[in-house]
$ cat coords_37.txt   # compact mmCIF, C-alpha atoms and all ligand atoms
# COMPACT_ATOMS: atom_id res chain seq x y z
CA MET A 244 0.00 0.00 0.00
CA ARG A 245 2.69 2.49 1.05
CA ARG A 246 4.39 2.31 -2.34
CA ARG A 247 1.21 3.60 -3.92
CA TRP A 248 1.59 6.95 -2.25
CA LEU A 249 3.95 9.65 -3.25
CA ALA A 250 6.14 10.77 -0.42
CA ALA A 251 5.15 14.11 0.99
CA VAL A 252 7.46 16.71 -0.37
CA ALA A 253 9.49 19.48 1.15
CA VAL A 254 8.11 22.84 0.24
CA SER A 255 9.35 26.38 0.09
CA MET A 256 6.95 29.16 0.89
CA ALA A 257 8.81 31.69 -1.21
CA GLY A 258 6.41 31.66 -4.13
CA LEU A 259 3.33 31.07 -2.05
CA LEU A 260 3.89 34.21 -0.07
CA THR A 261 4.40 36.31 -3.16
CA LEU A 262 0.91 35.52 -4.41
CA THR A 263 -1.43 38.42 -4.06
CA ALA A 264 -5.11 38.66 -3.38
CA CYS A 265 -7.38 38.57 -6.40
CA GLY A 266 -10.55 36.97 -5.11
CA GLY A 267 -13.74 38.54 -3.84
CA GLY A 268 -13.83 39.99 -0.37
CA ASP A 269 -15.27 38.09 2.54
CA ASP A 270 -15.50 40.75 5.18
CA LYS A 271 -14.50 39.01 8.38
CA ALA A 272 -17.22 39.18 10.94
CA ALA A 273 -15.56 37.63 13.95
CA GLY A 274 -18.10 39.05 16.32
CA ASP A 275 -21.38 37.60 17.41
CA GLY A 276 -24.27 36.91 15.08
CA LYS A 277 -27.67 38.45 15.57
CA SER A 278 -28.84 35.96 18.16
CA GLY A 279 -25.64 36.00 20.16
CA GLN A 280 -24.13 33.01 18.31
CA LYS A 281 -20.50 33.23 17.32
CA LYS A 282 -19.75 33.06 13.62
CA VAL A 283 -17.47 30.40 12.23
CA GLU A 284 -15.86 31.54 9.01
CA VAL A 285 -15.38 28.54 6.71
CA PHE A 286 -13.21 29.36 3.69
CA SER A 287 -13.50 27.26 0.52
CA TRP A 288 -14.27 27.71 -3.17
CA TRP A 289 -17.39 25.63 -3.25
CA THR A 290 -19.85 28.20 -4.51
CA GLY A 291 -20.73 26.85 -7.95
CA PRO A 292 -23.28 24.31 -9.15
CA GLY A 293 -22.50 20.81 -7.87
CA GLU A 294 -19.87 21.90 -5.35
CA ALA A 295 -22.15 24.02 -3.19
CA ASP A 296 -24.48 21.03 -2.65
CA GLY A 297 -21.77 19.12 -0.81
CA LEU A 298 -20.86 22.04 1.43
CA LYS A 299 -24.54 22.63 2.20
CA ALA A 300 -25.00 19.01 3.30
CA MET A 301 -22.13 19.30 5.77
CA ARG A 302 -23.23 22.73 6.92
CA GLU A 303 -26.67 21.36 7.82
CA ILE A 304 -25.09 18.82 10.13
CA PHE A 305 -22.89 21.48 11.67
CA GLU A 306 -25.90 23.73 12.34
CA LYS A 307 -27.92 20.86 13.79
CA ASP A 308 -25.14 19.92 16.22
CA ASN A 309 -23.86 23.41 17.11
CA SER A 310 -26.61 25.77 18.12
CA GLY A 311 -24.04 28.09 19.71
CA PHE A 312 -22.36 28.88 16.39
CA THR A 313 -23.47 30.27 13.04
CA PHE A 314 -21.87 29.07 9.86
CA TYR A 315 -20.32 31.90 7.86
CA ASP A 316 -19.70 30.83 4.27
CA ALA A 317 -16.54 32.59 3.12
CA ALA A 318 -16.31 30.68 -0.17
CA VAL A 319 -14.58 32.51 -3.03
CA ALA A 320 -15.80 31.55 -6.50
CA GLY A 321 -13.52 29.92 -9.03
CA GLY A 322 -13.04 26.20 -9.68
CA SER A 323 -9.99 24.53 -8.14
CA GLY A 324 -9.60 27.57 -5.91
CA ASP A 325 -7.57 29.51 -8.45
CA GLN A 326 -8.97 32.74 -6.99
CA ALA A 327 -9.44 31.49 -3.44
CA ARG A 328 -5.91 30.17 -2.94
CA ALA A 329 -4.31 33.47 -3.91
CA LEU A 330 -6.58 35.42 -1.58
CA LEU A 331 -5.96 32.94 1.21
CA ALA A 332 -2.18 33.31 0.85
CA SER A 333 -2.46 37.05 1.32
CA LYS A 334 -4.77 36.68 4.30
CA LEU A 335 -2.38 34.25 5.96
CA GLN A 336 0.57 36.47 5.21
CA ALA A 337 -1.26 39.35 6.89
CA ASN A 338 -2.07 37.09 9.87
CA GLN A 339 -5.79 37.47 9.20
CA PRO A 340 -6.81 33.85 8.78
CA PRO A 341 -10.35 32.59 8.43
CA ASP A 342 -11.44 30.27 11.27
CA THR A 343 -10.86 27.27 9.04
CA PHE A 344 -9.94 26.80 5.40
CA GLN A 345 -9.94 24.05 2.87
CA GLY A 346 -6.60 23.04 1.43
CA HIS A 347 -5.27 20.06 -0.48
CA ALA A 348 -3.44 17.23 1.21
CA GLY A 349 0.13 16.91 -0.04
CA ALA A 350 2.58 19.57 -1.16
CA GLU A 351 0.09 22.44 -0.94
CA LEU A 352 -0.72 21.82 2.71
CA GLN A 353 2.90 21.10 3.52
CA GLY A 354 3.57 24.66 2.39
CA TYR A 355 1.19 26.10 4.96
CA ILE A 356 2.63 23.83 7.64
CA LYS A 357 6.24 24.77 6.94
CA ALA A 358 5.34 28.45 6.96
CA GLY A 359 4.03 27.95 10.49
CA LYS A 360 0.47 28.94 9.61
CA LEU A 361 -1.37 25.92 11.04
CA GLU A 362 -2.02 24.44 14.46
CA PRO A 363 -1.36 20.73 14.84
CA LEU A 364 -4.50 18.68 15.35
CA ASN A 365 -3.15 15.69 17.25
CA PHE A 366 -5.49 16.51 20.16
CA LEU A 367 -8.45 16.08 17.80
CA TYR A 368 -7.03 12.94 16.19
CA ASP A 369 -6.65 11.44 19.67
CA GLU A 370 -10.09 12.51 20.88
CA LEU A 371 -11.87 11.23 17.76
CA LYS A 372 -9.53 8.25 17.24
CA LEU A 373 -9.01 9.39 13.65
CA LYS A 374 -5.83 7.39 13.18
CA ASP A 375 -7.98 4.25 13.31
CA VAL A 376 -10.24 5.33 10.48
CA LEU A 377 -8.09 7.34 8.05
CA PRO A 378 -5.49 5.69 5.79
CA GLN A 379 -2.05 6.11 7.36
CA GLU A 380 -0.63 7.10 3.98
CA LEU A 381 -3.08 9.97 3.75
CA ILE A 382 -2.17 11.09 7.27
CA ASP A 383 1.49 11.10 6.15
CA GLN A 384 0.60 13.64 3.46
CA ILE A 385 -0.74 16.09 6.04
CA SER A 386 1.87 15.57 8.76
CA VAL A 387 5.28 16.91 9.63
CA GLN A 388 7.38 15.26 12.32
CA GLY A 389 4.50 13.35 13.84
CA GLN A 390 2.17 16.34 14.02
CA VAL A 391 -1.02 16.14 11.92
CA TYR A 392 -2.30 19.40 10.49
CA SER A 393 -5.64 18.91 8.81
CA VAL A 394 -8.80 16.85 8.56
CA PRO A 395 -9.27 15.23 5.13
CA VAL A 396 -12.91 15.05 4.21
CA ASN A 397 -12.70 13.14 0.93
CA ILE A 398 -10.76 11.59 -1.91
CA HIS A 399 -11.34 12.98 -5.39
CA ARG A 400 -10.17 11.50 -8.67
CA SER A 401 -8.72 13.82 -11.29
CA ASN A 402 -8.14 11.54 -14.32
CA ILE A 403 -11.64 11.01 -15.63
CA LEU A 404 -12.75 11.26 -19.25
CA TRP A 405 -16.41 12.30 -19.29
CA PHE A 406 -18.22 11.76 -22.54
CA ASN A 407 -21.59 11.95 -24.21
CA PRO A 408 -22.56 8.48 -25.54
CA SER A 409 -24.87 9.86 -28.27
CA VAL A 410 -22.23 12.22 -29.62
CA LEU A 411 -19.71 9.38 -29.74
CA LYS A 412 -22.21 7.17 -31.56
CA GLU A 413 -22.92 9.89 -34.09
CA ALA A 414 -19.16 10.09 -34.74
CA GLY A 415 -18.86 6.31 -35.13
CA VAL A 416 -16.88 5.87 -31.90
CA SER A 417 -18.00 2.65 -30.24
CA ALA A 418 -16.08 2.78 -26.93
CA ALA A 419 -14.18 5.31 -24.83
CA PRO A 420 -10.58 5.65 -26.08
CA ALA A 421 -8.13 3.62 -24.02
CA THR A 422 -4.92 5.24 -25.23
CA ILE A 423 -3.78 8.73 -26.17
CA ASP A 424 -3.51 7.71 -29.84
CA GLU A 425 -7.06 6.38 -29.84
CA PHE A 426 -8.19 9.56 -28.12
CA ILE A 427 -6.66 11.74 -30.84
CA ALA A 428 -8.24 9.57 -33.55
CA ASP A 429 -11.65 9.86 -31.83
CA LEU A 430 -11.34 13.62 -31.42
CA ASP A 431 -10.79 13.82 -35.14
CA LYS A 432 -13.87 11.69 -35.87
CA VAL A 433 -16.00 13.96 -33.69
CA LYS A 434 -14.61 17.05 -35.38
CA LYS A 435 -16.01 15.79 -38.69
CA THR A 436 -19.54 15.74 -37.22
CA GLY A 437 -19.35 19.46 -36.44
CA LYS A 438 -19.68 18.88 -32.67
CA ILE A 439 -17.06 20.16 -30.22
CA PRO A 440 -14.55 17.30 -29.79
CA LEU A 441 -13.22 18.42 -26.39
CA SER A 442 -14.75 21.04 -24.12
CA ILE A 443 -12.53 23.17 -21.95
CA GLY A 444 -12.99 25.83 -19.27
CA SER A 445 -10.83 28.57 -17.77
CA GLN A 446 -7.04 28.32 -17.73
CA TRP A 447 -6.70 26.00 -14.75
CA THR A 448 -8.74 23.38 -16.62
CA ALA A 449 -5.94 23.26 -19.22
CA VAL A 450 -3.50 22.41 -16.40
CA HIS A 451 -5.96 19.78 -15.25
CA LEU A 452 -5.97 18.38 -18.80
CA LEU A 453 -2.16 18.50 -18.88
CA GLU A 454 -1.83 16.31 -15.78
CA SER A 455 -3.97 13.59 -17.36
CA VAL A 456 -2.09 13.82 -20.67
CA LEU A 457 1.29 13.61 -18.89
CA LEU A 458 0.14 10.57 -16.92
CA GLY A 459 -1.41 8.91 -19.97
CA SER A 460 1.65 9.57 -22.14
CA LEU A 461 4.47 8.87 -19.69
CA GLY A 462 2.98 6.06 -17.63
CA THR A 463 2.61 6.06 -13.87
CA ASP A 464 6.21 5.49 -12.79
CA ALA A 465 7.69 8.14 -15.09
CA TYR A 466 4.94 10.59 -14.11
CA ASN A 467 5.57 10.03 -10.40
CA GLN A 468 9.28 10.49 -10.95
CA LEU A 469 8.70 14.04 -12.20
CA TRP A 470 8.07 15.10 -8.60
CA THR A 471 11.19 13.56 -7.12
CA ALA A 472 14.82 14.62 -6.94
CA ASN A 473 15.52 12.37 -9.97
CA ALA A 474 13.13 14.22 -12.22
CA ASP A 475 14.06 14.81 -15.84
CA TRP A 476 11.74 17.35 -17.37
CA SER A 477 13.94 17.70 -20.44
CA GLY A 478 13.66 14.12 -21.69
CA ALA A 479 12.28 12.95 -25.03
CA ASN A 480 9.35 11.25 -23.27
CA VAL A 481 8.23 14.61 -21.85
CA THR A 482 8.62 16.21 -25.30
CA LYS A 483 6.33 13.54 -26.76
CA ALA A 484 3.79 14.05 -23.94
CA LEU A 485 3.74 17.79 -24.60
CA GLU A 486 3.28 17.21 -28.31
CA ASN A 487 0.29 15.04 -27.44
CA PHE A 488 -1.01 17.87 -25.27
CA LYS A 489 -0.63 20.28 -28.17
CA THR A 490 -2.52 17.97 -30.54
CA ILE A 491 -5.30 17.33 -28.02
CA LEU A 492 -5.65 21.05 -27.26
CA SER A 493 -6.06 21.74 -30.98
CA TYR A 494 -9.42 19.93 -30.76
CA ALA A 495 -10.67 22.02 -27.84
CA GLY A 496 -13.71 24.27 -28.20
CA THR A 497 -13.94 27.88 -27.09
CA PRO A 498 -12.74 28.09 -23.47
CA GLN A 499 -15.72 28.39 -21.12
CA GLU A 500 -15.76 30.51 -17.99
CA ASP A 501 -15.09 27.64 -15.57
CA TRP A 502 -15.33 23.85 -15.37
CA GLN A 503 -19.13 23.70 -15.02
CA PRO A 504 -20.08 25.27 -18.37
CA ALA A 505 -17.41 23.13 -20.08
CA ALA A 506 -18.77 19.95 -18.47
CA LYS A 507 -22.31 21.03 -19.35
CA GLN A 508 -21.42 21.07 -23.05
CA VAL A 509 -20.89 17.31 -22.76
CA ALA A 510 -24.08 16.70 -20.79
CA ASP A 511 -26.07 18.80 -23.28
CA GLY A 512 -24.67 16.96 -26.31
CA ALA A 513 -22.78 19.96 -27.70
CA ALA A 514 -19.39 18.35 -27.02
CA ALA A 515 -18.09 14.77 -27.00
CA PHE A 516 -15.40 14.75 -24.29
CA ASN A 517 -14.25 16.63 -21.21
CA ILE A 518 -11.39 15.66 -18.90
CA MET A 519 -12.31 16.79 -15.41
CA GLY A 520 -12.26 15.57 -11.82
CA ASP A 521 -15.12 13.61 -10.36
CA TRP A 522 -16.73 16.71 -8.85
CA ALA A 523 -18.28 16.76 -12.36
CA TYR A 524 -20.28 13.70 -11.32
CA GLY A 525 -21.95 15.65 -8.50
CA TYR A 526 -22.78 18.40 -10.98
CA PHE A 527 -24.18 16.02 -13.63
CA HIS A 528 -26.06 13.82 -11.20
CA ASN A 529 -27.43 16.05 -8.42
CA PRO A 530 -30.98 17.24 -8.98
CA ALA A 531 -31.59 20.85 -10.05
CA PRO A 532 -31.07 23.56 -9.03
CA GLY A 533 -27.69 22.48 -7.58
CA GLY A 534 -26.94 19.98 -10.33
CA LEU A 535 -28.13 19.13 -13.82
CA GLY A 536 -30.21 16.07 -12.83
CA LYS A 537 -28.77 14.05 -15.73
CA THR A 538 -28.90 10.28 -16.14
CA SER A 539 -25.66 8.35 -15.94
CA LYS A 540 -24.77 6.16 -18.93
CA THR A 541 -27.39 7.90 -21.07
CA ASP A 542 -26.69 11.63 -20.82
CA PHE A 543 -23.08 11.16 -19.75
CA ASP A 544 -20.63 8.35 -19.22
CA TRP A 545 -17.03 8.05 -18.00
CA ALA A 546 -13.77 6.16 -18.30
CA ALA A 547 -10.24 6.59 -16.98
CA SER A 548 -8.63 9.38 -18.98
CA PRO A 549 -6.81 7.88 -22.00
CA GLY A 550 -3.75 5.81 -21.14
CA THR A 551 -4.36 5.94 -17.38
CA ASP A 552 -6.57 2.94 -16.65
CA GLY A 553 -5.35 1.24 -13.46
CA THR A 554 -4.00 4.48 -11.97
CA PHE A 555 -5.95 6.74 -9.67
CA MET A 556 -4.77 10.33 -9.84
CA TRP A 557 -5.86 11.47 -6.44
CA LEU A 558 -6.40 14.59 -4.39
CA SER A 559 -8.01 15.23 -1.04
CA ASP A 560 -9.85 18.24 0.35
CA SER A 561 -8.69 18.86 3.88
CA PHE A 562 -9.82 21.41 6.50
CA THR A 563 -7.38 23.18 8.79
CA LEU A 564 -7.09 25.14 12.02
CA PRO A 565 -5.05 28.27 11.21
CA LYS A 566 -2.97 29.74 14.01
CA GLY A 567 -4.80 32.77 15.38
CA ALA A 568 -8.25 31.63 14.17
CA PRO A 569 -10.60 34.25 15.66
CA ASN A 570 -13.15 31.61 16.65
CA ARG A 571 -10.98 28.63 17.45
CA ASP A 572 -13.72 26.70 19.29
CA GLY A 573 -16.06 27.18 16.35
CA ALA A 574 -13.37 25.98 13.94
CA VAL A 575 -12.79 22.86 16.04
CA ALA A 576 -16.56 22.22 16.02
CA TRP A 577 -16.47 22.42 12.18
CA LEU A 578 -13.47 20.09 12.01
CA LYS A 579 -15.34 17.55 14.13
CA VAL A 580 -18.18 17.50 11.60
CA ALA A 581 -15.73 17.26 8.68
CA ALA A 582 -13.99 14.35 10.41
CA SER A 583 -17.16 12.47 11.29
CA LYS A 584 -18.70 9.54 9.45
CA GLU A 585 -22.00 11.40 9.39
CA GLY A 586 -20.38 14.54 7.92
CA GLN A 587 -18.40 12.65 5.28
CA ASP A 588 -21.35 10.48 4.28
CA ALA A 589 -23.52 13.59 3.85
CA PHE A 590 -20.88 15.58 1.98
CA ASN A 591 -19.33 13.10 -0.41
CA PRO A 592 -22.31 11.61 -2.27
CA LYS A 593 -23.29 15.19 -3.16
CA LYS A 594 -19.75 16.38 -3.89
CA GLY A 595 -19.00 13.52 -6.25
CA SER A 596 -16.18 12.17 -4.10
CA ILE A 597 -15.55 9.21 -1.85
CA PRO A 598 -14.94 9.49 1.89
CA ALA A 599 -11.47 9.72 3.37
CA ARG A 600 -12.71 7.54 6.25
CA LYS A 601 -12.44 3.81 5.76
CA ASP A 602 -15.62 3.04 7.73
CA ALA A 603 -18.11 5.02 5.65
CA ASP A 604 -21.47 3.55 4.64
CA LYS A 605 -20.65 2.07 1.22
CA SER A 606 -24.32 1.72 0.28
CA LEU A 607 -24.47 5.49 -0.10
CA TYR A 608 -21.94 5.40 -2.92
CA GLN A 609 -23.69 4.21 -6.06
CA ASP A 610 -23.19 4.45 -9.80
CA TYR A 611 -19.97 6.35 -10.60
CA LEU A 612 -19.11 6.53 -6.90
CA ALA A 613 -19.28 2.74 -6.45
CA TRP A 614 -16.82 2.39 -9.37
CA ASP A 615 -14.66 5.09 -7.82
CA LEU A 616 -14.46 3.31 -4.45
CA GLU A 617 -13.49 0.10 -6.18
CA GLN A 618 -10.76 1.80 -8.21
CA TRP A 619 -9.47 3.58 -5.12
CA SER A 620 -8.79 0.34 -3.35
CA ASN A 621 -7.11 -1.38 -6.31
CA ASP A 622 -5.38 1.17 -8.50
CA LYS A 623 -1.82 2.48 -8.44
CA LEU A 624 -1.66 6.10 -7.29
CA ALA A 625 -0.40 9.30 -8.84
CA GLY A 626 -0.83 12.78 -7.36
CA SER A 627 -2.60 15.72 -8.98
CA ILE A 628 -0.66 18.83 -10.02
CA GLN A 629 -3.44 21.39 -10.17
CA HIS A 630 -5.05 20.15 -6.97
CA GLY A 631 -2.05 20.45 -4.70
CA VAL A 632 -0.68 16.94 -4.24
CA VAL A 633 2.66 16.85 -6.05
CA ALA A 634 3.64 20.50 -6.43
CA ASN A 635 3.60 23.28 -3.90
CA ASP A 636 1.61 26.39 -4.71
CA ALA A 637 4.55 28.31 -6.15
CA TRP A 638 5.39 25.45 -8.52
CA ARG A 639 1.75 25.00 -9.50
CA ALA A 640 1.50 28.71 -10.25
CA ALA A 641 4.62 28.53 -12.46
CA ILE A 642 3.14 25.56 -14.35
CA ASN A 643 -0.09 27.53 -14.79
CA ASP A 644 1.86 30.44 -16.27
CA ALA A 645 3.74 28.13 -18.64
CA VAL A 646 0.47 26.55 -19.81
CA GLY A 647 -1.05 30.01 -20.34
CA LEU A 648 1.85 31.05 -22.58
CA PHE A 649 1.76 27.75 -24.43
CA GLN A 650 -1.92 28.22 -25.21
CA GLN A 651 -0.87 31.38 -27.03
CA ASP A 652 2.35 30.41 -28.79
CA HIS A 653 1.99 26.57 -29.13
CA ASP A 654 5.78 26.29 -28.87
CA VAL A 655 6.54 22.86 -27.39
CA ALA A 656 10.29 23.46 -26.93
CA LYS A 657 9.70 26.70 -25.06
CA PHE A 658 6.97 25.08 -23.00
CA GLN A 659 9.23 22.22 -22.00
CA GLN A 660 11.98 24.65 -21.00
CA ALA A 661 9.52 26.61 -18.90
CA LEU A 662 8.35 23.44 -17.15
CA ALA A 663 11.94 22.35 -16.51
CA ALA A 664 12.73 25.79 -15.08
CA ALA A 665 9.59 25.68 -12.90
CA ALA A 666 10.74 22.35 -11.47
CA LYS A 667 14.27 23.63 -10.87
CA ASN A 668 13.08 26.79 -9.14
CA SER A 669 10.30 25.21 -7.12
CA GLY A 670 12.41 24.92 -3.99
CA GLN A 671 10.49 21.73 -3.26
C1 LIG B 701 -10.48 20.99 -6.55
C2 LIG B 701 -11.12 20.64 -5.24
C3 LIG B 701 -12.42 19.96 -5.49
C4 LIG B 701 -13.27 20.75 -6.45
C5 LIG B 701 -12.49 21.19 -7.68
C6 LIG B 701 -13.23 22.09 -8.64
O1 LIG B 701 -9.29 21.67 -6.36
O2 LIG B 701 -10.27 19.81 -4.53
O3 LIG B 701 -13.09 19.79 -4.27
O4 LIG B 701 -13.79 21.80 -5.77
O5 LIG B 701 -11.32 21.83 -7.30
O6 LIG B 701 -13.53 23.32 -8.09

$ encode --input "coords_37.txt" --output "structure tokens"
Amino acid sequence: MRRRWLAAVAVSMAGLLTLTACGGGDDKAAGDGKSGQKKVEVFSWWTGPGEADGLKAMREIFEKDNSGFTFYDAAVAGGSGDQARALLASKLQANQPPDTFQGHAGAELQGYIKAGKLEPLNFLYDELKLKDVLPQELIDQISVQGQVYSVPVNIHRSNILWFNPSVLKEAGVSAAPATIDEFIADLDKVKKTGKIPLSIGSQWTAVHLLESVLLGSLGTDAYNQLWTANADWSGANVTKALENFKTILSYAGTPQEDWQPAAKQVADGAAAFNIMGDWAYGYFHNPAPGGLGKTSKTDFDWAASPGTDGTFMWLSDSFTLPKGAPNRDGAVAWLKVAASKEGQDAFNPKKGSIPARKDADKSLYQDYLAWDLEQWSNDKLAGSIQHGVVANDAWRAAINDAVGLFQQDHDVAKFQQALAAAAKNSGQ
């Protein structure tokens, strides 16, 4: 089991702390609410369709169990937290943390830990006996020197190819592509029908696509090696992977505002394929108004992203206790809900993720989520780039910049150099 997990990585905060605020304001109201209850400011980016349903389910449990606190939703819009994470960095730098915030297990969280921004949560792990119910390897990703710094609420999968079965049929594609070459051939077939071969959202979704294309082109071991001291970003195998990325991107439709409208093009039959994490399942499946209320296997279907079957590219949303949280007791009350079986089993079926806890009620995870649970226990693992597992926030931001430039100039050699430089300068 241990071999499946990437070792947690050392992180420099240099880049993280240079990020500046660019998200919406969330005026901190640390004082009492109207009825004398103290507010608990919960910072995330789950505002959009699909995502907000999961947060709401957990919030309801929190409110039921904690009549002395009011939930203050400090979510900042923008999929994958591209706005929220920058704002959070500036708030932490100014020592004005929210009461609790969502981060990603792995390199991203290690950055906050090393910068001394988080309180250890061993007291909570002991009280709730969390070490008995969370995978040790996941705990390793959120620990430094025996201290545990967050409460993981789920496991998400990044490398999913969502597709519209009718659009594929119309294009004469009989099954989801298993390899990158098959994928490119299928994109071309769809193009001939006049439909959008591949839908895409804002810039971070291109980085999300890149991580699946790297994994599918390089294979799991070579992909995992990119995040170690032995990484070789200049090799011919990376060049080939980036050429694949270039070809695949050439079939992308007009970039949509975020991941939801891009995913919706597939569900509506305007596009054939979209590579997105399994939060898309919550969005497709949840009833309106939070989700699209679509039917699995008819309106949408899924497969491992091309070339990645047998590997689970993982990420985990994890809540924290920042040092200096204005309402520390309220934050701990939230963390208890996030850690609980009840909280995770309410949150995850709506969020389109599986629980971090090993003792969750499996009957609640049906359809895509039953498949997901099965894959989680059997697959090899690789860590997500965009969602904070393998690269710290400074490195991720540099990769984002390189992808943004590449989308304009399509210059593979320059792109590869930029990625190699990002790795070299990551300080990780
Ligand atoms: C990820 C996050 C998921 C989901 C997704 C899209 O970074 O871990 O929970 O919110 O972004 O916004």

$ closest_atom_pairs --input "coords_37.txt" --of "chain A" --to "ligand LIG 701 (chain B)" --cutoff "6 Å" --atoms "only C-alpha atoms and all ligand atoms" --output "tab-separated table"
residue	atom	partner	partner_atom	distance
A:Trp289	CA	B:LIG701	O4	5.8
A:Gly322	CA	B:LIG701	O6	3.3
A:Ser323	CA	B:LIG701	O5	3.1
A:Gly324	CA	B:LIG701	O1	5.9
A:Trp522	CA	B:LIG701	C4	5.8
A:Asp560	CA	B:LIG701	O2	5.1
A:His630	CA	B:LIG701	O1	4.5

$ residues_around --input "coords_37.txt" --residues "region 473-488 of chain A" --least-positions-apart "2" --cutoff "9 Å" --atoms "all atoms listed in the file" --output "PyMOL selection string"
chain A and resi 423-424+427+452-453+456-461+465+467-471+490-493+655-656+658-660+662-664+666

$ write_last_selection --input "coords_37.txt" --atoms "C-alpha atoms" --output "CSV table (one decimal), in the coordinates of the input"
chain,number,residue,atom,x,y,z
A,423,ILE,CA,-3.8,8.7,-26.2
A,424,ASP,CA,-3.5,7.7,-29.8
A,427,ILE,CA,-6.7,11.7,-30.8
A,452,LEU,CA,-6.0,18.4,-18.8
A,453,LEU,CA,-2.2,18.5,-18.9
A,456,VAL,CA,-2.1,13.8,-20.7
A,457,LEU,CA,1.3,13.6,-18.9
A,458,LEU,CA,0.1,10.6,-16.9
A,459,GLY,CA,-1.4,8.9,-20.0
A,460,SER,CA,1.6,9.6,-22.1
A,461,LEU,CA,4.5,8.9,-19.7
A,465,ALA,CA,7.7,8.1,-15.1
A,467,ASN,CA,5.6,10.0,-10.4
A,468,GLN,CA,9.3,10.5,-11.0
A,469,LEU,CA,8.7,14.0,-12.2
A,470,TRP,CA,8.1,15.1,-8.6
A,471,THR,CA,11.2,13.6,-7.1
A,490,THR,CA,-2.5,18.0,-30.5
A,491,ILE,CA,-5.3,17.3,-28.0
A,492,LEU,CA,-5.6,21.0,-27.3
A,493,SER,CA,-6.1,21.7,-31.0
A,655,VAL,CA,6.5,22.9,-27.4
A,656,ALA,CA,10.3,23.5,-26.9
A,658,PHE,CA,7.0,25.1,-23.0
A,659,GLN,CA,9.2,22.2,-22.0
A,660,GLN,CA,12.0,24.6,-21.0
A,662,LEU,CA,8.4,23.4,-17.2
A,663,ALA,CA,11.9,22.4,-16.5
A,664,ALA,CA,12.7,25.8,-15.1
A,666,ALA,CA,10.7,22.4,-11.5

$ residues_around --input "coords_37.txt" --residues "Val410 (chain A)" --least-positions-apart "6" --cutoff "9 Å" --atoms "all atoms listed in the file" --output "list in words"
Val416, Val433, Thr436, Lys438, Val509, Gly512, Ala513, Ala514 and Ala515 of chain A

$ write_last_selection --input "coords_37.txt" --atoms "C-alpha atoms" --output "PDB file, keeping the file's coordinate frame"
ATOM      1  CA  VAL A 416     -16.880   5.870 -31.900  1.00  0.00           C
ATOM      2  CA  VAL A 433     -16.000  13.960 -33.690  1.00  0.00           C
ATOM      3  CA  THR A 436     -19.540  15.740 -37.220  1.00  0.00           C
ATOM      4  CA  LYS A 438     -19.680  18.880 -32.670  1.00  0.00           C
ATOM      5  CA  VAL A 509     -20.890  17.310 -22.760  1.00  0.00           C
ATOM      6  CA  GLY A 512     -24.670  16.960 -26.310  1.00  0.00           C
ATOM      7  CA  ALA A 513     -22.780  19.960 -27.700  1.00  0.00           C
ATOM      8  CA  ALA A 514     -19.390  18.350 -27.020  1.00  0.00           C
ATOM      9  CA  ALA A 515     -18.090  14.770 -27.000  1.00  0.00           C
TER      10      ALA A 515
END

$ atom_distance --input "coords_37.txt" --atom1 "CA of Trp557 (chain A)" --atom2 "CA of Lys593 (chain A)"
18.1 Å

$ atom_distance --input "coords_37.txt" --atom1 "CA of Leu335 (chain A)" --atom2 "CA of Trp288 (chain A)"
16.4 Å

$ residues_around --input "coords_37.txt" --residues "region 570-586 of chain A" --least-positions-apart "2" --cutoff "10 Å" --atoms "all atoms listed in the file" --output "PyMOL selection string"
chain A and resi 273-274+281-285+297-298+300-306+308-309+311-314+341-344+364+367-368+370-371+373+376-377+393-397+561-568+588-591+598-604

$ residues_around --input "coords_37.txt" --residues "Phe555 (chain A)" --least-positions-apart "2" --cutoff "10 Å" --atoms "only C-alpha atoms" --output "list in words"
Arg247, His399, Arg400, Ser401, Asn402, Ile403, Thr463, Ala547, Thr551, Asp552, Gly553, Trp557, Leu558, Asp615, Gln618, Trp619, Ser620, Asn621, Asp622, Lys623, Leu624, Ala625, Gly626 and Ser627 of chain A

$ closest_residue --input "coords_37.txt" --among "A:Ser596, A:Thr497, A:Ser386, A:Thr538" --to "Ala523 (chain A)" --atoms "all atoms listed in the file"
A:Ser596

$ atom_distance --input "coords_37.txt" --atom1 "CA of Ala318 (chain A)" --atom2 "CA of Asn529 (chain A)"
20.1 Å

$ residues_around --input "coords_37.txt" --residues "Lys432 (chain A)" --least-positions-apart "2" --cutoff "8 Å" --atoms "only C-alpha atoms" --output "list in words"
Ala414, Gly415, Val416, Ala428, Asp429, Leu430, Lys434, Lys435 and Thr436 of chain A

$ residues_near_point --input "coords_37.txt" --point "(-12.6, 7.0, -19.2)" --cutoff "9 Å" --atoms "only C-alpha atoms" --output "VMD selection string"
chain A and resid 402 to 406 419 to 421 518 544 to 549 551 to 552

$ closest_residue --input "coords_37.txt" --among "A:Gln353, A:Ser333, A:Ser442, A:Gln388" --to "Glu500 (chain A)" --atoms "all atoms listed in the file"
A:Ser442

$ closest_residue --input "coords_37.txt" --among "A:Ala449, A:Ala634, A:Leu331, A:Ala510" --to "Ser409 (chain A)" --atoms "all atoms listed in the file"
A:Ala510

$ closest_residue --input "coords_37.txt" --among "A:Leu612, A:Gly534, A:Asn643, A:Gly520" --to "Ser445 (chain A)" --atoms "only C-alpha atoms"
A:Asn643
